[in-house]
Amino acid sequence: MSSFNVAKFGGTSVANFEAMSRCAAIIENSPNTKLVVSSACSGVTNLLVELANGVQDQTRRNEVLNQLADIHQAVLNNLEDATQAASEVSAILDTVTRLAEAASIQSSHKLTDHLVACGELMSTHLLTQLMKDRGINAVRFDIRDVLRTDSNFGKAEPELDTIRQLSQQNLVPLCQDFVVVTQGFIGSDAEGNTTTLGRGGSDYSAALIAESVEASGLEIWTDVPGIYTTDPRIAPKASPISEISFSEASEMANFGAKILHPSTLVPALRHDIPVFVGSSKEPEKGGTWIRHQVESSPLFRALALRCNQTMVTLRSAKMFHAYGFLAKVFEVLAKHKVSVDLITTSEISVSLTLDQTDTSGGAPQLPEAARLELEELCTVEVEHNLCLVALIGNNMSESKGYAKQVFGTLEDFNLRMICYGASPHNLCFLVHESVSKQAIQKLHTELFEG
Ligand code: ADP
Ligand code: ASP
Ligand code: MG
């Protein structure tokens, strides 16, 4: 195991010069941190996604390009020695302009990844120079030289063996002499095309990199001092959790707690790397440790919310007492590469939600061709504007009475697709988007504020 830590800084942590300076101070105070993984400056990826989706109106396109230039220029203006970073950022902005124009004619997943990757490519030039200005022996590293993925643009899958081999060859030796600053979110396929791991993917990148260099710890620095009992933006009385198990935190991430990308903990768990989550704005407040062994395992740990859910309901009288119906349904879905998330069944219907989409964002869609094929088997109903609420805890499937408490609290809500009992760690259901925050608030008051 390497004796150094990997630290990841999210978008708000590198939003501007002041925020980046706080990150540099955190690095200065932790000599054990040798590898820094950075997101794009806050808001930049959203602007790049807009361009990648194709902006035909030239005025709007220029507006977005100017906003991108301004965000980065504001940091450059504060650097002591900005010459090199300025010319690198300017070259990347030229690429953004060229690709945005191409996307306005015809966009593609490949082009989207090339374009949205530019955010992290720019922020890391700025952060590296800022650290150098402060006397840190920092060097920028292009993670595409080690983070090999497949060519599934927008939600690329990492190729672990290659990443490990390339990291050991190229990254570990560099960390002996320098504090290495690199990009989250992005990678490259075997042909050298830029890929991305999906929105919020920098957490996942940091964990993959930590695994590949065999880091002794992974720090996720964000805008809240740790993982809370629910999103503190939704329930202001949410409280920080000082210690949480990998399985509980993984459930939270999987069920939408934005604080961690869903896949983040997989590499950390594989290599038993302890993960710390804290606020780069208020590092003195401490944060959350995610570990294998924790001291307490409460029945109720946290609430998570994941919006933009697409629910598909398939109904057929032929399903009643028949065999093979579900197999046919899943065959069609697999053929059209539709990934299913949750599923509930009754005698004549099956409801399922579709997995989250890739970097280009939005609610997942049932492809028209899949719908047509399914309609040969059954009726198909697609609903949007739904959110998934998940209650995460421990030994829930073995505890009596808690479901009554949960559903009693929500008796005025229309709950759909209740999934309960399959996992000892969670109970979840769908509600309409318009009441989803209210549902979280009511449950939080009842279960966590007692
Ligand atoms: P970053 O840009 O650093 O990756 P994100 O915006 O992706 O940050 O994630 C941090 C945000 O996650 C917080 O500002 C908070 O609103 C949200 N969040 C959702 N669930 C939780 C939770 N259980 N605890 C803390 N923050 C949460
Ligand atoms: N910049 C990317 C995004 O906004 C990745 C990340 O920040 O994790 O989704
Ligand atoms: Mg994030």
# chains A, B, ... in the order shown; residues from 1 in each chain; ligands from 1

$ closest_atom_pairs --of "chain A" --to "ligand 3" --cutoff "7 Å" --atoms "only C-alpha atoms and all ligand atoms" --output "Markdown table"
| residue | atom | partner | partner_atom_place_in_ligand_line | distance |
| --- | --- | --- | --- | --- |
| A:Gly10 | CA | ligand 3 | 1 (Mg) | 6.0 |
| A:Gly200 | CA | ligand 3 | 1 (Mg) | 4.4 |
| A:Ser202 | CA | ligand 3 | 1 (Mg) | 6.9 |
| A:Asp203 | CA | ligand 3 | 1 (Mg) | 6.5 |
| A:Lys258 | CA | ligand 3 | 1 (Mg) | 6.1 |
| A:Ile259 | CA | ligand 3 | 1 (Mg) | 5.6 |
| A:Leu260 | CA | ligand 3 | 1 (Mg) | 5.9 |
| A:His261 | CA | ligand 3 | 1 (Mg) | 6.3 |

$ write_last_selection --atoms "N, CA, C and O atoms" --output "PDB file, in the first residue's frame"
ATOM      1  N   GLY A  10     -14.436  18.903  -5.160  1.00  0.00           N
ATOM      2  CA  GLY A  10     -15.591  19.045  -6.061  1.00  0.00           C
ATOM      3  C   GLY A  10     -15.699  20.438  -6.652  1.00  0.00           C
ATOM      4  O   GLY A  10     -14.889  21.328  -6.340  1.00  0.00           O
ATOM      5  N   GLY A 200     -21.193  13.911 -12.032  1.00  0.00           N
ATOM      6  CA  GLY A 200     -20.772  13.682 -10.645  1.00  0.00           C
ATOM      7  C   GLY A 200     -19.661  12.653 -10.539  1.00  0.00           C
ATOM      8  O   GLY A 200     -19.312  12.216  -9.446  1.00  0.00           O
ATOM      9  N   SER A 202     -16.464  12.631 -10.682  1.00  0.00           N
ATOM     10  CA  SER A 202     -15.132  12.870 -10.105  1.00  0.00           C
ATOM     11  C   SER A 202     -14.896  12.077  -8.826  1.00  0.00           C
ATOM     12  O   SER A 202     -13.767  11.666  -8.541  1.00  0.00           O
ATOM     13  N   ASP A 203     -15.964  11.865  -8.063  1.00  0.00           N
ATOM     14  CA  ASP A 203     -15.815  11.043  -6.848  1.00  0.00           C
ATOM     15  C   ASP A 203     -15.346   9.647  -7.244  1.00  0.00           C
ATOM     16  O   ASP A 203     -14.452   9.061  -6.614  1.00  0.00           O
ATOM     17  N   LYS A 258     -26.605  12.928  -3.378  1.00  0.00           N
ATOM     18  CA  LYS A 258     -25.709  13.505  -4.384  1.00  0.00           C
ATOM     19  C   LYS A 258     -24.280  13.665  -3.862  1.00  0.00           C
ATOM     20  O   LYS A 258     -23.338  13.822  -4.633  1.00  0.00           O
ATOM     21  N   ILE A 259     -24.153  13.619  -2.561  1.00  0.00           N
ATOM     22  CA  ILE A 259     -22.844  13.831  -1.943  1.00  0.00           C
ATOM     23  C   ILE A 259     -21.785  12.869  -2.485  1.00  0.00           C
ATOM     24  O   ILE A 259     -20.610  13.209  -2.558  1.00  0.00           O
ATOM     25  N   LEU A 260     -22.193  11.667  -2.884  1.00  0.00           N
ATOM     26  CA  LEU A 260     -21.244  10.707  -3.473  1.00  0.00           C
ATOM     27  C   LEU A 260     -21.816  10.120  -4.764  1.00  0.00           C
ATOM     28  O   LEU A 260     -22.992   9.721  -4.790  1.00  0.00           O
ATOM     29  N   HIS A 261     -20.988  10.045  -5.804  1.00  0.00           N
ATOM     30  CA  HIS A 261     -21.400   9.351  -7.028  1.00  0.00           C
ATOM     31  C   HIS A 261     -21.681   7.884  -6.656  1.00  0.00           C
ATOM     32  O   HIS A 261     -20.946   7.291  -5.849  1.00  0.00           O
TER      33      HIS A 261
END

$ residues_near_ligand --ligand "ligand 1" --cutoff "10 Å" --atoms "only C-alpha atoms and all ligand atoms" --output "ChimeraX atom specification"
/A:8-15,38-43,199-203,220-235,238-241,249,252-253,255-261,277-280,288,301-306

$ write_last_selection --atoms "C-alpha atoms" --output "tab-separated table (two decimals), in the first residue's frame"
chain	number	residue	atom	x	y	z
A	8	LYS	CA	-10.73	15.01	-4.37
A	9	PHE	CA	-12.11	18.54	-4.60
A	10	GLY	CA	-15.59	19.04	-6.06
A	11	GLY	CA	-16.87	21.88	-8.25
A	12	THR	CA	-17.76	24.32	-5.46
A	13	SER	CA	-14.40	23.64	-3.80
A	14	VAL	CA	-12.63	24.89	-6.95
A	15	ALA	CA	-15.28	27.45	-7.96
A	38	SER	CA	-10.21	18.06	-9.21
A	39	SER	CA	-13.64	18.69	-10.71
A	40	ALA	CA	-14.36	21.49	-13.14
A	41	CYS	CA	-15.06	24.91	-11.61
A	42	SER	CA	-18.64	25.10	-10.32
A	43	GLY	CA	-21.20	25.56	-13.11
A	199	ARG	CA	-22.28	13.37	-14.10
A	200	GLY	CA	-20.77	13.68	-10.65
A	201	GLY	CA	-18.12	11.17	-11.73
A	202	SER	CA	-15.13	12.87	-10.11
A	203	ASP	CA	-15.81	11.04	-6.85
A	220	ILE	CA	-13.66	13.80	-0.62
A	221	TRP	CA	-13.74	17.57	-0.06
A	222	THR	CA	-17.07	19.17	-0.89
A	223	ASP	CA	-19.37	21.97	0.29
A	224	VAL	CA	-20.84	20.27	3.38
A	225	PRO	CA	-18.97	18.99	6.45
A	226	GLY	CA	-19.68	15.33	5.80
A	227	ILE	CA	-22.60	13.04	5.09
A	228	TYR	CA	-25.81	14.14	6.81
A	229	THR	CA	-28.95	12.27	7.80
A	230	THR	CA	-30.41	13.73	4.61
A	231	ASP	CA	-29.59	16.52	2.18
A	232	PRO	CA	-29.32	19.56	4.49
A	233	ARG	CA	-30.65	21.72	1.66
A	234	ILE	CA	-33.95	19.85	1.93
A	235	ALA	CA	-34.14	19.35	5.70
A	238	ALA	CA	-30.36	17.23	9.11
A	239	SER	CA	-27.37	16.32	11.25
A	240	PRO	CA	-23.86	15.19	10.30
A	241	ILE	CA	-22.93	11.52	10.66
A	249	ALA	CA	-22.96	4.82	2.53
A	252	MET	CA	-27.13	6.23	0.21
A	253	ALA	CA	-25.04	6.93	-2.88
A	255	PHE	CA	-30.27	5.82	-3.91
A	256	GLY	CA	-29.39	9.33	-4.93
A	257	ALA	CA	-27.56	11.11	-2.09
A	258	LYS	CA	-25.71	13.50	-4.38
A	259	ILE	CA	-22.84	13.83	-1.94
A	260	LEU	CA	-21.24	10.71	-3.47
A	261	HIS	CA	-21.40	9.35	-7.03
A	277	VAL	CA	-15.94	13.34	3.49
A	278	GLY	CA	-15.52	16.93	4.64
A	279	SER	CA	-16.06	20.57	3.69
A	280	SER	CA	-13.26	22.49	2.02
A	288	THR	CA	-17.69	11.68	8.02
A	301	ARG	CA	-29.43	6.04	9.28
A	302	ALA	CA	-30.46	8.45	6.53
A	303	LEU	CA	-32.92	9.49	3.84
A	304	ALA	CA	-31.97	9.85	0.19
A	305	LEU	CA	-33.82	11.40	-2.73
A	306	ARG	CA	-33.30	10.72	-6.42

$ select_by_dssp --residues "stretch 234-328 of chain A" --states "helix (DSSP H, G or I)" --output "number ranges by chain"
A: 246-254, 265-270, 283-285, 317-319, 325-328

$ write_last_selection --atoms "N, CA and C atoms" --output "CSV table (one decimal), in the first residue's frame"
chain,number,residue,atom,x,y,z
A,246,PHE,N,-19.5,1.1,5.0
A,246,PHE,CA,-19.4,1.1,3.5
A,246,PHE,C,-20.8,0.8,3.0
A,247,SER,N,-21.5,-0.2,3.6
A,247,SER,CA,-22.7,-0.7,3.0
A,247,SER,C,-23.8,0.4,3.1
A,248,GLU,N,-23.9,1.1,4.3
A,248,GLU,CA,-24.9,2.1,4.4
A,248,GLU,C,-24.6,3.3,3.5
A,249,ALA,N,-23.3,3.7,3.4
A,249,ALA,CA,-23.0,4.8,2.5
A,249,ALA,C,-23.2,4.5,1.1
A,250,SER,N,-22.9,3.2,0.7
A,250,SER,CA,-23.1,2.8,-0.7
A,250,SER,C,-24.6,2.8,-1.0
A,251,GLU,N,-25.5,2.4,-0.1
A,251,GLU,CA,-26.9,2.5,-0.3
A,251,GLU,C,-27.3,3.9,-0.5
A,252,MET,N,-26.8,4.8,0.3
A,252,MET,CA,-27.1,6.2,0.2
A,252,MET,C,-26.7,6.8,-1.2
A,253,ALA,N,-25.5,6.4,-1.6
A,253,ALA,CA,-25.0,6.9,-2.9
A,253,ALA,C,-25.9,6.3,-4.0
A,254,ASN,N,-26.2,5.0,-3.9
A,254,ASN,CA,-27.0,4.4,-5.0
A,254,ASN,C,-28.4,4.9,-5.1
A,265,LEU,N,-17.9,4.1,-3.9
A,265,LEU,CA,-17.4,3.3,-2.8
A,265,LEU,C,-16.9,1.9,-3.2
A,266,VAL,N,-17.3,1.5,-4.5
A,266,VAL,CA,-16.9,0.2,-5.0
A,266,VAL,C,-15.4,0.0,-4.9
A,267,PRO,N,-14.6,0.8,-5.6
A,267,PRO,CA,-13.2,0.6,-5.5
A,267,PRO,C,-12.6,0.7,-4.1
A,268,ALA,N,-13.1,1.7,-3.3
A,268,ALA,CA,-12.6,1.9,-1.9
A,268,ALA,C,-12.9,0.6,-1.1
A,269,LEU,N,-14.0,0.0,-1.3
A,269,LEU,CA,-14.4,-1.2,-0.6
A,269,LEU,C,-13.5,-2.4,-1.0
A,270,ARG,N,-13.3,-2.4,-2.3
A,270,ARG,CA,-12.4,-3.5,-2.9
A,270,ARG,C,-11.1,-3.5,-2.2
A,283,PRO,N,-13.0,23.1,6.9
A,283,PRO,CA,-12.3,21.8,7.2
A,283,PRO,C,-12.2,21.5,8.8
A,284,GLU,N,-12.2,22.6,9.5
A,284,GLU,CA,-12.1,22.5,11.0
A,284,GLU,C,-13.3,21.8,11.6
A,285,LYS,N,-14.4,21.7,10.8
A,285,LYS,CA,-15.7,21.1,11.4
A,285,LYS,C,-15.6,19.6,11.3
A,317,ALA,N,-52.9,-9.4,-19.3
A,317,ALA,CA,-53.7,-10.5,-18.7
A,317,ALA,C,-53.0,-11.8,-18.9
A,318,LYS,N,-52.2,-11.8,-20.0
A,318,LYS,CA,-51.5,-13.1,-20.3
A,318,LYS,C,-50.4,-13.5,-19.3
A,319,MET,N,-50.1,-12.5,-18.4
A,319,MET,CA,-49.1,-12.7,-17.4
A,319,MET,C,-49.6,-13.6,-16.3
A,325,PHE,N,-43.3,-14.7,-19.4
A,325,PHE,CA,-43.6,-13.4,-19.8
A,325,PHE,C,-42.5,-12.4,-19.4
A,326,LEU,N,-42.1,-12.5,-18.2
A,326,LEU,CA,-41.0,-11.5,-17.7
A,326,LEU,C,-39.7,-11.8,-18.5
A,327,ALA,N,-39.5,-13.0,-18.8
A,327,ALA,CA,-38.2,-13.3,-19.6
A,327,ALA,C,-38.3,-12.6,-20.9
A,328,LYS,N,-39.5,-12.6,-21.5
A,328,LYS,CA,-39.6,-11.9,-22.8
A,328,LYS,C,-39.4,-10.4,-22.7

$ closest_residue --among "A:Gln183, A:Gln58, A:Asn66, A:Gln176" --to "ligand 2" --atoms "only C-alpha atoms and all ligand atoms"
A:Gln183

$ closest_residue --among "A:Asp177, A:Glu120, A:Asp133, A:Glu88" --to "ligand 2" --atoms "only C-alpha atoms and all ligand atoms"
A:Glu120

$ residues_around --residues "A:Gln309" --least-positions-apart "5" --cutoff "7 Å" --atoms "only C-alpha atoms" --output "ChimeraX atom specification"
/A:353,363,384-388

$ select_by_dssp --residues "stretch 30-278 of chain A" --states "strand (DSSP E)" --output "PyMOL selection string"
chain A and resi 33-38+138-141+179-183+186-188+194-196+217-222+243-245+275-278

$ write_last_selection --atoms "N, CA and C atoms" --output "compact mmCIF listing (two decimals), in the first residue's frame"
# COMPACT_ATOMS: atom_id res chain seq x y z
N THR A 33 -0.92 13.96 1.65
CA THR A 33 -1.71 13.97 0.41
C THR A 33 -0.81 14.26 -0.78
N LYS A 34 -0.71 13.30 -1.68
CA LYS A 34 0.21 13.43 -2.81
C LYS A 34 -0.51 13.48 -4.14
N LEU A 35 -1.79 13.18 -4.11
CA LEU A 35 -2.53 13.14 -5.37
C LEU A 35 -3.84 13.91 -5.20
N VAL A 36 -4.05 14.89 -6.06
CA VAL A 36 -5.23 15.73 -5.96
C VAL A 36 -6.08 15.52 -7.21
N VAL A 37 -7.34 15.20 -7.01
CA VAL A 37 -8.26 14.99 -8.13
C VAL A 37 -9.26 16.14 -8.11
N SER A 38 -9.36 16.87 -9.22
CA SER A 38 -10.21 18.06 -9.21
C SER A 38 -11.35 17.95 -10.21
N ALA A 138 3.96 21.28 -7.06
CA ALA A 138 2.83 20.63 -7.74
C ALA A 138 3.12 20.41 -9.21
N VAL A 139 2.54 19.37 -9.75
CA VAL A 139 2.64 19.12 -11.19
C VAL A 139 1.29 18.65 -11.69
N ARG A 140 0.91 19.09 -12.90
CA ARG A 140 -0.37 18.66 -13.48
C ARG A 140 -0.16 17.39 -14.28
N PHE A 141 -1.11 16.48 -14.15
CA PHE A 141 -1.01 15.20 -14.86
C PHE A 141 -2.32 14.98 -15.62
N VAL A 179 3.37 16.87 -5.64
CA VAL A 179 1.93 16.76 -5.39
C VAL A 179 1.30 16.80 -6.78
N VAL A 180 0.70 15.70 -7.17
CA VAL A 180 0.18 15.57 -8.54
C VAL A 180 -1.28 16.05 -8.57
N VAL A 181 -1.58 16.94 -9.51
CA VAL A 181 -2.94 17.46 -9.65
C VAL A 181 -3.53 16.89 -10.95
N THR A 182 -4.67 16.23 -10.83
CA THR A 182 -5.23 15.62 -12.04
C THR A 182 -6.76 15.78 -12.09
N GLN A 183 -7.34 15.32 -13.20
CA GLN A 183 -8.76 15.54 -13.46
C GLN A 183 -9.62 14.38 -12.98
N ILE A 186 -13.02 12.26 -16.12
CA ILE A 186 -12.68 11.96 -17.52
C ILE A 186 -11.69 10.79 -17.62
N GLY A 187 -11.68 10.17 -18.80
CA GLY A 187 -10.75 9.09 -19.07
C GLY A 187 -10.54 9.02 -20.57
N SER A 188 -9.95 7.92 -21.02
CA SER A 188 -9.87 7.76 -22.48
C SER A 188 -9.96 6.29 -22.85
N THR A 194 -11.48 10.79 -25.75
CA THR A 194 -11.84 11.19 -24.39
C THR A 194 -13.21 10.62 -24.03
N THR A 195 -13.31 10.10 -22.80
CA THR A 195 -14.59 9.56 -22.33
C THR A 195 -14.92 10.22 -20.98
N THR A 196 -16.17 10.06 -20.52
CA THR A 196 -16.51 10.52 -19.16
C THR A 196 -17.25 9.41 -18.42
N GLY A 217 -5.61 6.40 1.99
CA GLY A 217 -6.87 7.03 2.34
C GLY A 217 -7.40 7.85 1.18
N LEU A 218 -8.71 8.07 1.19
CA LEU A 218 -9.34 8.89 0.15
C LEU A 218 -10.14 9.98 0.85
N GLU A 219 -9.85 11.25 0.50
CA GLU A 219 -10.58 12.37 1.08
C GLU A 219 -11.45 12.99 0.00
N ILE A 220 -12.73 13.14 0.31
CA ILE A 220 -13.66 13.80 -0.62
C ILE A 220 -14.01 15.15 -0.01
N TRP A 221 -13.48 16.22 -0.60
CA TRP A 221 -13.74 17.57 -0.06
C TRP A 221 -14.85 18.20 -0.89
N THR A 222 -15.91 18.64 -0.19
CA THR A 222 -17.07 19.17 -0.89
C THR A 222 -17.57 20.42 -0.19
N GLU A 243 -19.55 8.72 11.53
CA GLU A 243 -18.97 7.46 11.07
C GLU A 243 -20.08 6.61 10.46
N ILE A 244 -19.82 6.01 9.32
CA ILE A 244 -20.85 5.23 8.62
C ILE A 244 -20.19 4.04 7.93
N SER A 245 -20.91 2.93 7.81
CA SER A 245 -20.29 1.75 7.18
C SER A 245 -20.32 1.90 5.65
N VAL A 275 -12.52 6.19 3.70
CA VAL A 275 -12.91 7.39 2.96
C VAL A 275 -13.38 8.45 3.96
N PHE A 276 -12.91 9.67 3.75
CA PHE A 276 -13.33 10.79 4.59
C PHE A 276 -14.08 11.80 3.73
N VAL A 277 -15.20 12.31 4.22
CA VAL A 277 -15.94 13.34 3.49
C VAL A 277 -16.00 14.59 4.36
N GLY A 278 -15.51 15.71 3.84
CA GLY A 278 -15.52 16.93 4.64
C GLY A 278 -15.71 18.16 3.77

$ atom_distance --atom1 "atom CA of A:Asp70" --atom2 "atom CA of A:Leu93"
11.0 Å

$ closest_residue --among "A:Phe153, A:Phe185, A:Tyr420, A:Phe178" --to "ligand 2" --atoms "only C-alpha atoms and all ligand atoms"
A:Phe185

$ closest_residue --among "A:Gly401, A:Ile143, A:Cys419, A:Val380" --to "A:Leu342" --atoms "only C-alpha atoms"
A:Cys419

$ closest_residue --among "A:Ser87, A:Thr310, A:Thr359, A:Gln169" --to "ligand 2" --atoms "only C-alpha atoms and all ligand atoms"
A:Thr359

$ atom_distance --atom1 "atom CA of A:Ile26" --atom2 "atom CA of A:Asn170"
25.0 Å

$ closest_residue --among "A:Val329, A:Val312, A:Pro173, A:Leu127" --to "A:Leu366" --atoms "only C-alpha atoms"
A:Val312

$ residues_around --residues "A:Lys337" --least-positions-apart "5" --cutoff "10 Å" --atoms "only C-alpha atoms" --output "number ranges by chain"
A: 331-332, 366-367, 370

$ residues_around --residues "A:Gly450" --least-positions-apart "3" --cutoff "12 Å" --atoms "only C-alpha atoms" --output "PyMOL selection string"
chain A and resi 237-238+300+442-447

$ atom_distance --atom1 "atom CA of A:Val294" --atom2 "atom CA of A:Ser30"
24.4 Å

$ decode --residues "stretch 317-339 of chain A" --atoms "N, CA and C atoms" --output "short mmCIF file (atom, residue, chain, number, x, y, z; two decimals), in the first residue's frame"
data_model
loop_
_atom_site.label_atom_id
_atom_site.label_comp_id
_atom_site.auth_asym_id
_atom_site.auth_seq_id
_atom_site.Cartn_x
_atom_site.Cartn_y
_atom_site.Cartn_z
N ALA A 317 -52.95 -9.39 -19.32
CA ALA A 317 -53.71 -10.47 -18.68
C ALA A 317 -53.00 -11.80 -18.92
N LYS A 318 -52.21 -11.85 -19.98
CA LYS A 318 -51.50 -13.10 -20.33
C LYS A 318 -50.45 -13.47 -19.28
N MET A 319 -50.11 -12.47 -18.45
CA MET A 319 -49.08 -12.69 -17.44
C MET A 319 -49.59 -13.60 -16.32
N PHE A 320 -50.90 -13.57 -16.13
CA PHE A 320 -51.52 -14.30 -15.02
C PHE A 320 -51.26 -15.80 -15.17
N HIS A 321 -50.60 -16.37 -14.20
CA HIS A 321 -50.30 -17.81 -14.18
C HIS A 321 -49.54 -18.30 -15.41
N ALA A 322 -48.92 -17.40 -16.15
CA ALA A 322 -48.18 -17.86 -17.34
C ALA A 322 -46.69 -17.88 -17.01
N TYR A 323 -45.94 -18.59 -17.79
CA TYR A 323 -44.50 -18.53 -17.57
C TYR A 323 -43.85 -17.89 -18.79
N GLY A 324 -42.69 -17.31 -18.56
CA GLY A 324 -41.93 -16.77 -19.68
C GLY A 324 -42.22 -15.32 -20.04
N PHE A 325 -43.28 -14.73 -19.43
CA PHE A 325 -43.62 -13.35 -19.81
C PHE A 325 -42.51 -12.37 -19.42
N LEU A 326 -42.09 -12.46 -18.16
CA LEU A 326 -41.03 -11.54 -17.72
C LEU A 326 -39.74 -11.77 -18.48
N ALA A 327 -39.47 -13.02 -18.80
CA ALA A 327 -38.24 -13.32 -19.56
C ALA A 327 -38.28 -12.59 -20.90
N LYS A 328 -39.48 -12.61 -21.53
CA LYS A 328 -39.59 -11.93 -22.84
C LYS A 328 -39.40 -10.42 -22.68
N VAL A 329 -40.02 -9.87 -21.62
CA VAL A 329 -39.90 -8.43 -21.38
C VAL A 329 -38.42 -8.06 -21.22
N PHE A 330 -37.72 -8.82 -20.40
CA PHE A 330 -36.31 -8.47 -20.14
C PHE A 330 -35.43 -8.72 -21.36
N GLU A 331 -35.85 -9.66 -22.19
CA GLU A 331 -35.11 -9.90 -23.44
C GLU A 331 -35.19 -8.65 -24.32
N VAL A 332 -36.40 -8.09 -24.40
CA VAL A 332 -36.57 -6.87 -25.23
C VAL A 332 -35.75 -5.73 -24.63
N LEU A 333 -35.84 -5.58 -23.31
CA LEU A 333 -35.11 -4.47 -22.69
C LEU A 333 -33.60 -4.63 -22.88
N ALA A 334 -33.13 -5.86 -22.74
CA ALA A 334 -31.69 -6.10 -22.90
C ALA A 334 -31.26 -5.83 -24.34
N LYS A 335 -32.10 -6.25 -25.27
CA LYS A 335 -31.77 -6.05 -26.70
C LYS A 335 -31.59 -4.55 -27.00
N HIS A 336 -32.42 -3.72 -26.35
CA HIS A 336 -32.33 -2.28 -26.62
C HIS A 336 -31.44 -1.56 -25.60
N LYS A 337 -30.67 -2.35 -24.85
CA LYS A 337 -29.71 -1.81 -23.87
C LYS A 337 -30.39 -0.88 -22.86
N VAL A 338 -31.61 -1.25 -22.45
CA VAL A 338 -32.30 -0.48 -21.42
C VAL A 338 -31.96 -1.11 -20.08
N SER A 339 -31.35 -0.29 -19.19
CA SER A 339 -30.95 -0.83 -17.90
C SER A 339 -32.04 -0.52 -16.87
#
